[in-house]
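Everything on this sheet refers to the single structure shown next.
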Number of protein chains: 2
Amino acid sequence: MHRLNTADPGFAAAFAVLLEDGRNVTARVDAAVSAIIAEVKAEGDAALLRQTARLDGWMPDGPGALRVSAGEIEQACATLPAPLLEALEVAARRIEAFHRAQLPADLEMPGEDGVALGMRWTPLDAVGIYVPGGKAAYPSSVLMNALPARAAGVGRIAMAVPAPGGALNPLVLAAARRAGVEEIWRIGGAQAVAALAWGTESLAPVDRIVGPGNAYVAEAKRQVFGRVGIDSIAGPSEVVVLADGANDPAHAAMDLLAQAEHDEAAQSILVTTDPGFADAVASAVEAALRELPRAAIAGESWRRHGAVIVTRDWEEAVELTNRLAPEHLQVMVDDPRALLVRIRHAGAAFLGRHTPEAIGDYVAGPNHVLPTGRTSRFASGLSVFDFLKRTTWVECDAEGLRRIGPAAVALAEAEGLDAHARSVALRLG
Amino acid sequence: MHRLNTADPGFAAAFAVLLEDGRNVTARVDAAVSAIIAEVKAEGDAALLRQTARLDGWMPDGPGALRVSAGEIEQACATLPAPLLEALEVAARRIEAFHRAQLPADLEMPGEDGVALGMRWTPLDAVGIYVPGGKAAYPSSVLMNALPARAAGVGRIAMAVPAPGGALNPLVLAAARRAGVEEIWRIGGAQAVAALAWGTESLAPVDRIVGPGNAYVAEAKRQVFGRVGIDSIAGPSEVVVLADGANDPAHAAMDLLAQAEHDEAAQSILVTTDPGFADAVASAVEAALRELPRAAIAGESWRRHGAVIVTRDWEEAVELTNRLAPEHLQVMVDDPRALLVRIRHAGAAFLGRHTPEAIGDYVAGPNHVLPTGRTSRFASGLSVFDFLKRTTWVECDAEGLRRIGPAAVALAEAEGLDAHARSVALRLG
């Protein structure tokens with residue numbers, strides 16, 4: 001764990017090390033992924049069956065067995081305790097409401113000058129959602145990926161989830177059902193991405209693929225980009241907790257560990273103006289690590305990438321936060337909104353003493369798929385905007401064209417594009 | 001030129017060929033680009049000077065010579081005829097007005113239930129704009145890239161433009177000045193992208209890089225993606241012209257050629273219900289090609305990739321357009337809006353008989369940087385959204401957390417993330 005104090009002479013150098021902390025090193029799997037994609041393109045379903053046997057360790061009877069049937073989904077849901085289904089329902093309703101509220105309005109500028117302009121938002125026809133399987137099967141991620149697509153009006157959602165040994169997590173299936181996903185494929189890895197992008201005899205291609213995955217999935221998304229759209233490549237998670245000394249150190253400590261337990265490469269950073277509180281949180285982290293089930297992972301993350309930073313004032317704390325541009329930001333002070341307006345870069349913010357980041361992972365409403373690794377400087381969390389595209393339009397009448405056409409002719413001629421100039425000039429008569 | 005008729009038995013196969021027409025084949029330059037980027041990362045300005053000498057054919061005196069001075073910009077503008085500067089002003093004003101109208105509002109859901117939610121839009125701190133130089137220096141592209149960034153509120157815009165022999169197009173400099181770009185670098189190619197992404201002693205790094213370029217620039221953007229944001233990789237341009245027999249064939253022909261003159265790989269497609277009109281347009285294209293300055297390029301594009309498609313009715317025409325998902329769409333019929341509402345995929349639409357696509361390239365207002373190669377199925381034109389990012393926020397009070405917290409605890413426990421569950425449960429007291 002890094003301990004930093006802005007008053008120390010070595011602070012700038014130590015903070016620079018923290019900023020460039022290379023947590024996001026992935027294996028080079030380009031060639032293996034190219035080969036998998038080429039097989040799926042060339043052989044379709046046959047390639048998927050072979051790869052599923054080889055990579056997921058089970059042999060489907062045929063292409064039909066790759067698709068999860070409605071009966072299986074019903075059966076899986078029937079095994080789940082009612083309180084868990086109710087919790088899923090609370091989450092789904094709130095996520096739906098927030099993403100519906102994001103829906104943008106079309107733009108229309110009537111054009112009294114004879115030139116009407118506008119911009120129209122339309123949903124994508126078909127999207128693919130990749131859901132990691134096995135040990136890290138997260139039903140919450142199914143809701144966070146599928147519900148914004150539904151809110152945007154996407155007609156077809158195809159979900160791919162690897163099924164080691166053929167089995168699936170029932171809560172993942174319940175989340176898919178609640179999110180209105182009817183097309184679920186028991187396929188994982190680069191082969192799932194290839195099938196979604198290029199299609200096979202059984203699986204129609206989609207227009208965009210979203211969702212996190214391992215190094216193979218990430219590389220496959222990179223390789224099919226252009227053929228289809230993709231969301232950003234997710235890296236390890238991070239949180240910055242801004243907290244004053246009035247907080248319970250055990251709360252801040254557990255918030256830091258909630259991030260750390262995701263992954264050894266996750267990063268949790270406390271920033272406070274109170275050195276005594278900093279020490280208390282560091283001790284509380286150690287105490288909590290003694291009894292957490294995922295202490296091995298969380299402890300490794302905390303020791304390697306965790307940090308406690310003491311600043312002279314909140315001004316400094318805000319400035320460091322902007323440089324860190326964190327995925328998650330907690331602001332545990334009396335007037336968190338006063339600090340929030342000065343934060344320029346953060347994927348999602350959690351305000352006040354009663355808003356642990358985990359509330360946003362599950363039920364608050366905003367999306368938990370967020371930009372990692374300082375990319376909130378330029379990127380945003382998943383939203384309805386990922387499932388919409390825009391068409392701008394222009395409509396001139398003869399008078400409007402007479403008004404603005406000559407400027408277009410002058411510029412087209414200056415650029416040496418005569419057919420452009422003539423296409424306007426011909427209509428000016 | 002492809003001639004298709006939906007009534008022909010071979011239509012489906014011929015249309016499939018048109019859809020998969022591989023116009024977007026670029027050279028493999030990965031290794032060369034990796035080497036250039038590594039040099040800039042390691043050696044900064046010194047690498048830029050060396051590469052400029054080697055690749056752009058002029059030797060800057062020192063890093064200072066890479067930046068275009070205010071005096072040079074003034075001098076360049078002074079050489080330009082007033083009518084051309086006025087045309088630039090007409091374009092700039094309209095582009096500004098349209099992009100300001102795009103600016104989205106923040107979202108706030110007050111949270112009577114003790115859970116307030118919101119979403120805030122903020123501009124990027126710094127963006128880089130790549131402007132191709134040499135023979136294809138397009139001042140209109142400077143406006144189309146820089147003005148949306150300004151409208152979004154981006155604080156710093158750094159423009160890079162190659163200067164073969166050290167010289168720049170004065171109209172490009174005038175467009176930059178009009179767009180409020182004060183930081184112009186006489187650097188091109190992969191080295192410009194590397195410098196913008198990683199920074200050098202003289203050039204501070206940016207957060208996102210936009211703008212078209214050659215194969216080296218495109219590959220460099222691909223390689224720095226993640227470190228910074230990038231816009232989509234532009235492919236060759238295309239237009240679909242839907243036109244009924246009441247149009248002047250010479251108009252439709254020139255519209256097709258305006259697209260074709262960009263590039264041998266451009267694609268122009270006429271779709272009409274009137275076979276006689278189809279013939280007349282094909283003849284008018286041949287006639288116009290005899291006198292166009294860029295006939296060699298336009299003719300090559302038309303012969304290789306151009307198409308004239310006759311459909312039975314407008315329903316079919318709309319359906320084919322949706323499958324083509326064109327970058328540009330002209331709708332030259334009496335009631336173009338009635339067709340537009342049935343178009344699901346198009347980057348930009350130009351409605352009616354008085355709205356040639358070229359009006360949108362220069363002065364109409366909407367952006368001319370648009371998704372190519374059927375990517376309007378999932379992608380959109382450049383806009384203020386390219387220069388903004390979102391931060392969502394959640395603020396629970398104690399009562400709000402008591403209401404929704406238990407559902408989060410249940411889901412976190414089901415996912416095996418105990419620190420997540422405890423960070424909420426601790427606060428439920």
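By convention here, the chains of the structure tokens are called A, B, ... in the order presented, each chain's residues are numbered starting at 1, and ligands are numbered starting at 1 in the order presented.
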### Task
Per DSSP on the backbone, filter stretch 185-379 of chain B down to the residues in strand (DSSP E) and report them as a ChimeraX atom specification.
/B:185,208-210,229-230,238-243,267-272,307-310,328-332,348-351
Export of prior selection with N, CA and C atoms as a CSV table (one decimal), in the first residue's frame:
```
chain,number,residue,atom,x,y,z
B,185,TRP,N,0.3,22.5,-35.0
B,185,TRP,CA,1.6,21.9,-35.2
B,185,TRP,C,1.8,21.4,-36.6
B,208,ARG,N,-8.1,13.0,-26.4
B,208,ARG,CA,-8.8,12.3,-27.5
B,208,ARG,C,-8.3,12.9,-28.8
B,209,ILE,N,-8.2,12.0,-29.8
B,209,ILE,CA,-7.7,12.4,-31.1
B,209,ILE,C,-8.7,12.1,-32.2
B,210,VAL,N,-9.1,13.1,-32.9
B,210,VAL,CA,-10.1,13.0,-34.0
B,210,VAL,C,-9.5,13.4,-35.3
B,229,GLY,N,-8.7,8.6,-26.2
B,229,GLY,CA,-9.9,8.2,-27.0
B,229,GLY,C,-9.6,8.5,-28.5
B,230,ILE,N,-10.3,7.9,-29.4
B,230,ILE,CA,-10.2,8.2,-30.8
B,230,ILE,C,-11.6,8.2,-31.4
B,238,GLU,N,-19.4,7.3,-49.3
B,238,GLU,CA,-20.4,6.8,-50.2
B,238,GLU,C,-21.7,7.6,-50.1
B,239,VAL,N,-22.5,7.5,-51.2
B,239,VAL,CA,-23.8,8.1,-51.2
B,239,VAL,C,-24.8,7.2,-51.8
B,240,VAL,N,-26.0,7.2,-51.3
B,240,VAL,CA,-27.2,6.6,-52.0
B,240,VAL,C,-28.1,7.7,-52.3
B,241,VAL,N,-28.5,7.8,-53.6
B,241,VAL,CA,-29.4,8.8,-54.1
B,241,VAL,C,-30.7,8.1,-54.4
B,242,LEU,N,-31.8,8.4,-53.6
B,242,LEU,CA,-33.1,8.0,-54.0
B,242,LEU,C,-33.8,9.1,-54.8
B,243,ALA,N,-34.2,8.8,-56.0
B,243,ALA,CA,-34.7,9.9,-56.8
B,243,ALA,C,-35.8,9.4,-57.8
B,267,GLN,N,-18.1,5.2,-53.3
B,267,GLN,CA,-19.2,4.5,-53.9
B,267,GLN,C,-20.4,5.3,-54.1
B,268,SER,N,-21.0,5.4,-55.3
B,268,SER,CA,-22.2,6.2,-55.5
B,268,SER,C,-23.3,5.3,-56.1
B,269,ILE,N,-24.5,5.3,-55.5
B,269,ILE,CA,-25.5,4.4,-55.9
B,269,ILE,C,-26.8,5.2,-56.1
B,270,LEU,N,-27.4,5.0,-57.3
B,270,LEU,CA,-28.7,5.6,-57.5
B,270,LEU,C,-29.8,4.5,-57.3
B,271,VAL,N,-30.8,4.9,-56.6
B,271,VAL,CA,-32.0,3.9,-56.5
B,271,VAL,C,-33.2,4.7,-57.0
B,272,THR,N,-33.9,4.1,-58.0
B,272,THR,CA,-35.1,4.8,-58.5
B,272,THR,C,-36.1,3.8,-58.9
B,307,ALA,N,-23.4,2.2,-58.8
B,307,ALA,CA,-24.5,1.3,-59.1
B,307,ALA,C,-25.8,2.1,-59.4
B,308,VAL,N,-26.6,1.5,-60.3
B,308,VAL,CA,-27.9,2.0,-60.6
B,308,VAL,C,-28.9,0.9,-60.3
B,309,ILE,N,-29.8,1.1,-59.4
B,309,ILE,CA,-30.7,0.1,-59.0
B,309,ILE,C,-32.1,0.5,-59.3
B,310,VAL,N,-32.9,-0.3,-60.0
B,310,VAL,CA,-34.3,0.0,-60.3
B,310,VAL,C,-35.1,-0.9,-59.4
B,328,HIS,N,-24.0,8.9,-46.7
B,328,HIS,CA,-24.9,10.0,-47.1
B,328,HIS,C,-26.1,9.4,-47.9
B,329,LEU,N,-27.2,10.1,-47.7
B,329,LEU,CA,-28.4,9.7,-48.4
B,329,LEU,C,-29.1,10.9,-48.9
B,330,GLN,N,-29.4,10.9,-50.2
B,330,GLN,CA,-30.2,12.0,-50.8
B,330,GLN,C,-31.6,11.4,-51.0
B,331,VAL,N,-32.7,12.2,-50.7
B,331,VAL,CA,-34.0,11.7,-50.9
B,331,VAL,C,-34.7,12.7,-51.8
B,332,MET,N,-34.7,12.5,-53.1
B,332,MET,CA,-35.2,13.5,-54.1
B,332,MET,C,-36.5,13.1,-54.6
B,348,ALA,N,-26.1,10.8,-42.7
B,348,ALA,CA,-26.8,12.1,-42.9
B,348,ALA,C,-27.7,12.0,-44.1
B,349,ALA,N,-28.8,12.7,-44.0
B,349,ALA,CA,-29.8,12.7,-45.0
B,349,ALA,C,-30.0,14.1,-45.6
B,350,PHE,N,-30.2,14.1,-46.9
B,350,PHE,CA,-30.4,15.4,-47.6
B,350,PHE,C,-31.7,15.3,-48.4
B,351,LEU,N,-32.7,16.2,-48.0
B,351,LEU,CA,-34.0,16.0,-48.4
B,351,LEU,C,-34.5,16.9,-49.5
```
### Message
Please list as number ranges by chain every residue within 10 Å of A:Glu399, counting only C-alpha atoms and excluding residues in the same chain fewer than 2 positions away.
### Response
A: 113-115, 396-397, 401-405, 428; B: 354
### Message
If DSSP is run on the backbone, what residues of stretch 77-184 of chain A are helix (DSSP H, G or I)? A reply as JSON, numbers by chain would be ideal.
### Response
{"A": [77, 78, 82, 83, 84, 85, 86, 87, 88, 89, 90, 91, 92, 93, 94, 95, 96, 97, 98, 99, 100, 101, 102, 134, 135, 136, 139, 140, 141, 142, 143, 144, 145, 146, 147, 148, 149, 150, 151, 152, 164, 165, 166, 170, 171, 172, 173, 174, 175, 176, 177, 178]}
### Task
Write out as a list in words each polymer residue whose atoms come within 9 Å of A:Gly213, counting only C-alpha atoms; drop sequence neighbours fewer than 2 positions from it.
Tyr130, Val131, Pro132, Gly133, Gly189, Gly211, Ala215, Tyr216, Val217, Ala218, Ile233 and Ala234 of chain A
